[in-house]
Amino acid sequence: MNALQNLFHNKKQNQLSLFFTAGYPTIDSTAGIIEACQKAGIDFLEVGMPYSDPLADGPVIQQSSTRAIVNGMTIELLFNQLEALKGKTTIPLLLMGYLNPVIQFGAERFMEKASATGASGLILPDLPIHEYREEYQTLFEKYNLSPVFLITPHTSDERIKLIDELSNAFIYVVSSAATTGKKQDFGQAQLVYFQRLKSMNLKNPLIGGFGIHNRQTLQQAWQNLNGAICGSAFLKKLAATPDAEKAVEELKKDLGLKMD
Amino acid sequence: MNALQNLFHNKKQNQLSLFFTAGYPTIDSTAGIIEACQKAGIDFLEVGMPYSDPLADGPVIQQSSTRAIVNGMTIELLFNQLEALKGKTTIPLLLMGYLNPVIQFGAERFMEKASATGASGLILPDLPIHEYREEYQTLFEKYNLSPVFLITPHTSDERIKLIDELSNAFIYVVSSAATTGKKQDFGQAQLVYFQRLKSMNLKNPLIGGFGIHNRQTLQQAWQNLNGAICGSAFLKKLAATPDAEKAVEELKKDLGLKMD
Amino acid sequence: MTVKFDTNPTEVKRNQNIPDERGYYGGFGGAYIPEMLYPNVEELRNNYLQVIESADFRKEFELLLRDYVGRPTPLYYAGNLSETYGAKIYLKREDLCHTGAHKLNSVVGQALIARHLNKPRIIAETGAGQHGVASATVCALMKIPCTVFMGSKDIVRQQANVLRMKMLGAEVIAVESGSKTLKDATNEAIRHWINHPDDTYYLIGSTIGPHPYPDLVARLQSVISEEIQSQLMKQEGKDYPDYVLACAGGGSNAAGAFFHFIGNGKTRLIGTEAAGEGVDSGLTAATIYSGTPGIIHGCKTLLMQTSDGQVMEAHSVSAGLDYPGIGPMHAHLHTTGLAQYLPVTDTEALDAAQMLSREEGIIPALETAHAVAALSKLQFKPDDVVVICLSGRGDKDLQTYQQYFQEI
Amino acid sequence: MTVKFDTNPTEVKRNQNIPDERGYYGGFGGAYIPEMLYPNVEELRNNYLQVIESADFRKEFELLLRDYVGRPTPLYYAGNLSETYGAKIYLKREDLCHTGAHKLNSVVGQALIARHLNKPRIIAETGAGQHGVASATVCALMKIPCTVFMGSKDIVRQQANVLRMKMLGAEVIAVESGSKTLKDATNEAIRHWINHPDDTYYLIGSTIGPHPYPDLVARLQSVISEEIQSQLMKQEGKDYPDYVLACAGGGSNAAGAFFHFIGNGKTRLIGTEAAGEGVDSGLTAATIYSGTPGIIHGCKTLLMQTSDGQVMEAHSVSAGLDYPGIGPMHAHLHTTGLAQYLPVTDTEALDAAQMLSREEGIIPALETAHAVAALSKLQFKPDDVVVICLSGRGDKDLQTYQQYFQEI
Ligand SMILES: Cc1ncc(COP(=O)(O)O)c(C=O)c1O
Ligand SMILES: Cc1ncc(COP(=O)(O)O)c(C=O)c1O
């Protein structure tokens, strides 16, 4: 069991995860952000590997990625940063990014390093499932990494079941058919979708993401799923203040987790 | 015999004719120019009826026409001016212009007026010969007007003979295939052309025009033909001085007919 | 304004599409040219029929029309227009010709004639620039030096075509005289021809000028109606339309689109002319509506002139229709009632261009838009087969369209 | 630089022009897309072959190709080029297609598919604007609302096409992200699609994107080589050329022009890619020359990327080739030696555009000029039949040409 699986083993509800882009706002922000999140009681983290062409992302994550690349962030450097942090934090980490940089780094080399520097899993949204099964699954297993797949309101039951089958940590429940960073409260459509998922009795926990930005959206995710991931809203806070601790506190306020 | 025919009956050589645009440089220039020319010993005159689209004319005559039209010159007005001058001058006059204004005026009405106000002939460069013969010849004869046709170095012998046949005053020998106002001395091409004409033994006198602007061109025309017509060069003088007499004198100087 | 046809000519006249020996269509046509042009025009007159009817010419002409110009151009059934206007509306796609207009048909033919007559240089006048581009194009192809006369006002409003002509290696001469548009570009071309009679072929862009030009150009453009005939036969089972609509500046695309249907007693031929800001506004190019018989550029036709016989300046937003005369064939067809001519204002044309773009995905030339605009002036029966001669595409007019649609 | 062919593949491979079931051409292709796109792409993948092979589709498609697009486009024997380059050079005249480029072939087909899939909206990306204009055109015709994504840099350099799209009623969205050219226009189109999955058909402009797009577009464009086959049969008595030359941005015109000749063991297929200021200048779009395998816009192919796997910005004077990737079919044809790809610099392309204008009277699109430029890089035998895919006309590029030719 990796750290992430361990977490889900122990905590079934009200998970809160944050996403941030490595190398943003500055090249050496990574450690500070991870430490701040752990201190603030965040359950686990997604460390975004910046990519030049993040298809599934809205403007906030796009801009953070562009900036991070300009800042000089690379996968190599990220691993060095995580390596340096090893032993200092316990918060489970997932690496999230697009497939191409991973391939260029070398898939096995990447997994080996990811595992060695403490990551529990990978989210590669554009990795096709058939390719995962045929080429990647054994590597994930070899390096004890959890694969995390996305599902959306348009994903068929059959496909959700397949994904549930392949997953061993959690399923990433994209809240609506949209790129990241949409600022709308959840409505009837999400409720129907969450109910459908609930009724499927999946083996993996369900973590909602895309559009978690305030109390309403967080609570909806917590009430219907097992937890929530917040990305763009967190990046905006990080853009506004260089102090990662302050950024996390501000975010928690927005999410209704802390009173003024 | 009209005045023009009379002139040619009496004078076989070294004719000098000038062309000017009625209404140029000012609306009431006509009388003064005619009087000045007569006084300066010019043999006969072409009075240009200004036209908006003078196809065969170079920039000098084009501009004089545009100006004359802006000044308000019309065929009606020109006839009034000639009418007022009647009896005061004896220099033979030809009216020269494009066919369209004549048609709009009414062909027969035009000839009647032209004859009544003292013109001896008409030059209508764009009147087709067949149309002249079929529709205009009887009118010309009725009003005792001489038709004057143009020939160029490219006109066939056969056609020249036809034109000679139809003419009864003179033939207008266009010096080269060109629009009016070209400022080049005559060369070998003109000499060959003039020789060819001479050898044809035509019944009508030959008057050279287009490009007569200095001593060389005038003398060439005089030596080889029966006379010369000078247009653009005269208009330029009229543009430079409001005094028609002075303009004629200046022109004669340029033509080598007067010493300083 | 809706037009009624009380004048469907009952007596079917034949051969009204070609002039008599001297170039007259009824009372219009002829060759009113100064002697300086006589030998050139005569040379052409003596040769043109023989050349264009020769097997050699036809073979070369037809091959170039097919592989270079892109003929036959489609006869496209415009479903959306048909629904809107309640008739079977077809578009004859001259806009798909190489260089973007029907002009190339005549240019290819005339350039072959120039070669036959051993003329090593070609000159042309142009208004919208389409004829200039077509001439520059074929001259590049045939390696003939080409000089194009274009009014300086038109150079400004048809900038794209000026760039094309230069890219094709033609010399473009800006005409500053008179109206600085097509009329004076034609004057300057004729003057240039007078000054270069031996080596120069004057490649006229429309059914205008002294005989034999109107006839020559009409015959070369008649490929349009020839194709319409056989295409309609296949697509509608009859070899004539009930209506043909075409814009007329000098009248070459209209002449080509009408040619085989003239006097057939069955097809209503509708020409549209540019009314500019309105037929009675003083800013118009509606020659047939407001013109009288007279002479322009060597032929007798209807033209806009003062009572003194001075040619008036035309006005149209469309450079290719901005001409105070019209081809003598059209003056004749109008006079005899064999065709009808409708005035279309600048605004009506611009709106029609927009309409066609939105309805059928085809941006027409401004000239062509005048033909399209006639649709809303006519009343059709559901079975009527209507062919619009889509004479050219609108790429050259994008600036004008943009300005207009920004303003309204 | 002159290229020699040592790699004429001896073993004739069949069916190298279509991918396997999962969309792979050898090692290239596939569908690397986030889950948000999965249902849409899957829907298309499950339907496209059945739709485009259905009798209904074929009938409608072929009618529109004939009467609306203007097909078949001529295969023009370019006499002057042939003389200059010492071979029998033919130009496949896609420039005569309605809207001025081959793009319309695929757009007509895809719009019919969109209708079949009941998608009431269409989005498209565009670089040179030709695909945007083609999309706006067919959407106007079919009355489908259309949104086109275009990099703000391309909006400036292809102004004419922006005006055309607006005139046709399309919404043009200026993309300010990243390179502000085709790559990021494509990103934004894909993002928009993610946000509007139910009602929107994404009409891709080239043989790029996730499977089945490359195959779909290639099949729709294959009408080009199909026509070449039968035209050559008539004109040369053989149904294949010795060479096909085509430019490749995403690679759709090249895919269409190569399609029926791929792996025939007889035809040398030459793609040209934009080298910008030179393949090693850092300002290039020569993907095959300087790219490595990777993923872009949902497919595995050759692309220009940093060692970290970040996609690089491409550079080409030609907006339509200014793309850091290339269709997976071409990556495969290159890797297997079934086709060769030559880099052509901005300057070489501009000069080729000038050359073609002057030699044949045809002003090509800047993209197309890259294919023409290959002529001087190859050595032909006098009997070689060479077909250049003249993918588009140069009207949209006149400003660029003018600037360049003013400078030199
Ligand atoms: C597209 C188009 N249509 C029509 C015309 C008018 O010419 P014509 O009346 O000779 O057909 C022009 C002239 O430039 C043109 O470009
Ligand atoms: C005329 C023309 N040719 C070629 C291309 C390149 O596209 P592709 O490589 O898909 O043929 C474009 C793209 O805009 C184009 O407009």
# chains A, B, ... in the order shown; residues from 1 in each chain; ligands from 1

$ residues_near_ligand --ligand "ligand 1" --cutoff "6 Å" --atoms "only C-alpha atoms and all ligand atoms" --output "PyMOL selection string"
chain C and resi 101+127-128+130-131+206+248-254+320-321+365+367-368+391-392

$ residues_around --residues "region 193-209 of chain B" --least-positions-apart "6" --cutoff "7 Å" --atoms "only C-alpha atoms" --output "PyMOL selection string"
chain B and resi 153+164+167-175+221+224-230

$ residues_around --residues "His297 (chain C)" --least-positions-apart "3" --cutoff "12 Å" --atoms "only C-alpha atoms" --output "PyMOL selection string"
(chain B and resi 52-56+98-100+126) or (chain C and resi 29-34+37+125+182-191+204+206-211+213-214+250+294+300-303+311+323-328)

$ select_by_dssp --residues "region 316-359 of chain C" --states "helix (DSSP H, G or I)" --output "PyMOL selection string"
chain C and resi 319-321+328-336+346-359

$ residues_around --residues "His260 (chain D)" --least-positions-apart "6" --cutoff "9 Å" --atoms "only C-alpha atoms" --output "list in words"
Asn17, Ser222, Ser225, Glu226, Gln229 and Tyr240 of chain D

$ atom_distance --atom1 "CA of Cys139 (chain D)" --atom2 "CA of Ala170 (chain D)"
8.1 Å

$ select_by_dssp --residues "region 118-188 of chain C" --states "strand (DSSP E or B)" --output "VMD selection string"
chain C and resid 121 to 126 146 to 151 171 to 175

$ write_last_selection --atoms "N, CA, C and O atoms" --output "CSV table (one decimal), in the first residue's frame"
chain,number,residue,atom,x,y,z
C,121,ARG,N,2.8,42.6,-77.9
C,121,ARG,CA,2.4,43.3,-76.6
C,121,ARG,C,0.9,43.3,-76.5
C,121,ARG,O,0.2,43.4,-77.5
C,122,ILE,N,0.5,43.3,-75.2
C,122,ILE,CA,-0.9,43.4,-75.0
C,122,ILE,C,-1.2,44.6,-74.0
C,122,ILE,O,-0.4,44.8,-73.0
C,123,ILE,N,-2.2,45.4,-74.3
C,123,ILE,CA,-2.7,46.4,-73.4
C,123,ILE,C,-4.1,46.1,-73.0
C,123,ILE,O,-4.8,45.5,-73.8
C,124,ALA,N,-4.5,46.5,-71.8
C,124,ALA,CA,-5.9,46.4,-71.4
C,124,ALA,C,-6.3,47.5,-70.5
C,124,ALA,O,-5.4,48.1,-69.9
C,125,GLU,N,-7.6,47.8,-70.4
C,125,GLU,CA,-8.1,48.7,-69.4
C,125,GLU,C,-8.7,47.8,-68.3
C,125,GLU,O,-9.1,46.7,-68.6
C,126,THR,N,-8.9,48.4,-67.2
C,126,THR,CA,-9.6,47.6,-66.1
C,126,THR,C,-10.3,48.6,-65.2
C,126,THR,O,-9.8,49.7,-64.9
C,146,CYS,N,2.6,42.9,-70.8
C,146,CYS,CA,1.2,43.3,-70.6
C,146,CYS,C,1.2,44.7,-69.8
C,146,CYS,O,1.9,44.8,-68.8
C,147,THR,N,0.5,45.6,-70.3
C,147,THR,CA,0.3,46.9,-69.7
C,147,THR,C,-1.2,47.1,-69.4
C,147,THR,O,-2.0,47.0,-70.3
C,148,VAL,N,-1.5,47.4,-68.2
C,148,VAL,CA,-2.9,47.6,-67.8
C,148,VAL,C,-3.2,49.0,-67.4
C,148,VAL,O,-2.4,49.6,-66.5
C,149,PHE,N,-4.2,49.7,-67.9
C,149,PHE,CA,-4.6,51.0,-67.6
C,149,PHE,C,-5.7,50.9,-66.6
C,149,PHE,O,-6.7,50.3,-66.8
C,150,MET,N,-5.6,51.7,-65.5
C,150,MET,CA,-6.6,51.6,-64.4
C,150,MET,C,-6.7,53.0,-63.8
C,150,MET,O,-5.7,53.6,-63.4
C,151,GLY,N,-7.9,53.4,-63.6
C,151,GLY,CA,-8.1,54.7,-63.0
C,151,GLY,C,-7.6,54.8,-61.6
C,151,GLY,O,-7.6,53.8,-60.8
C,171,GLU,N,2.5,45.6,-66.0
C,171,GLU,CA,2.7,47.0,-65.7
C,171,GLU,C,1.4,47.6,-65.5
C,171,GLU,O,0.5,47.5,-66.3
C,172,VAL,N,1.2,48.3,-64.4
C,172,VAL,CA,-0.1,48.9,-64.1
C,172,VAL,C,0.1,50.4,-64.2
C,172,VAL,O,0.9,51.0,-63.5
C,173,ILE,N,-0.7,51.1,-65.1
C,173,ILE,CA,-0.5,52.5,-65.3
C,173,ILE,C,-1.7,53.2,-64.7
C,173,ILE,O,-2.9,52.9,-65.0
C,174,ALA,N,-1.5,54.1,-63.7
C,174,ALA,CA,-2.5,54.8,-63.0
C,174,ALA,C,-3.0,55.9,-63.9
C,174,ALA,O,-2.2,56.8,-64.3
C,175,VAL,N,-4.3,55.9,-64.2
C,175,VAL,CA,-4.9,57.0,-65.0
C,175,VAL,C,-5.5,58.1,-64.2
C,175,VAL,O,-6.3,57.8,-63.3

$ closest_residue --among "A:Phe234, A:Trp222, A:Tyr143, A:Phe105" --to "chain D" --atoms "only C-alpha atoms"
A:Phe105

$ atom_distance --atom1 "CA of Leu78 (chain A)" --atom2 "CA of Lys39 (chain A)"
21.0 Å

$ interface_residues --of "chain A" --to "chain D" --cutoff "9 Å" --atoms "only C-alpha atoms" --output "compact mmCIF listing (two decimals) with C-alpha atoms, in the first residue's frame"
# COMPACT_ATOMS: atom_id res chain seq x y z
CA PRO A 50 3.59 22.03 -16.23
CA TYR A 51 2.91 21.43 -19.93
CA SER A 52 2.93 23.78 -22.87
CA ASP A 53 -0.40 22.57 -24.25
CA PRO A 54 -2.69 21.63 -21.38
CA LEU A 55 -5.79 20.73 -23.38
CA ALA A 56 -8.09 20.03 -20.48
CA ASP A 57 -7.24 23.14 -18.53
CA GLY A 58 -8.81 26.55 -18.28
CA PRO A 59 -6.93 29.84 -18.22
CA GLN A 62 -2.74 27.30 -18.42
CA GLN A 63 -1.16 30.49 -17.17
CA THR A 66 3.29 28.77 -18.93
CA ILE A 69 7.93 26.60 -17.79
CA THR A 74 11.25 20.52 -15.65
CA ILE A 75 10.41 16.99 -14.56
CA GLU A 76 14.04 16.44 -13.67
CA LEU A 99 1.53 12.19 -21.30
CA ASN A 100 4.04 13.73 -23.68
CA PRO A 101 6.57 15.04 -21.15
CA VAL A 102 6.39 11.68 -19.40
CA ILE A 103 7.14 9.81 -22.60
CA GLN A 104 10.03 12.12 -23.40
CA PHE A 105 11.42 11.56 -19.91
CA LEU A 124 -2.23 11.31 -16.86
CA PRO A 125 -5.52 12.50 -18.32
CA ASP A 126 -4.60 11.82 -21.94
CA LEU A 127 -3.29 8.31 -21.45
CA PRO A 128 -5.73 6.00 -23.24
CA PHE A 149 -8.48 7.98 -14.03
CA LEU A 150 -10.98 10.71 -14.73
CA ILE A 151 -14.67 10.20 -15.32
CA THR A 152 -17.18 12.82 -16.41
CA PRO A 153 -20.98 13.05 -16.49
CA HIS A 154 -20.74 11.71 -20.03
CA THR A 155 -18.74 8.61 -19.17
CA SER A 156 -20.81 5.50 -19.69
CA VAL A 174 -14.84 15.55 -13.04
CA SER A 176 -19.08 18.63 -15.32
CA ALA A 177 -18.05 18.43 -18.93
CA ALA A 178 -15.70 21.36 -18.79
CA THR A 179 -12.11 22.44 -18.61

$ closest_residue --among "D:Arg358, D:His334, D:Arg71, D:Arg93" --to "ligand 2" --atoms "only C-alpha atoms and all ligand atoms"
D:Arg93

$ residues_around --residues "region 90-95 of chain B" --least-positions-apart "3" --cutoff "10 Å" --atoms "only C-alpha atoms" --output "MDAnalysis selection string"
chainID B and resid 2:7 17 19 21:22 34:35 37:39 41:49 82 85:87 114 117:124 145:148
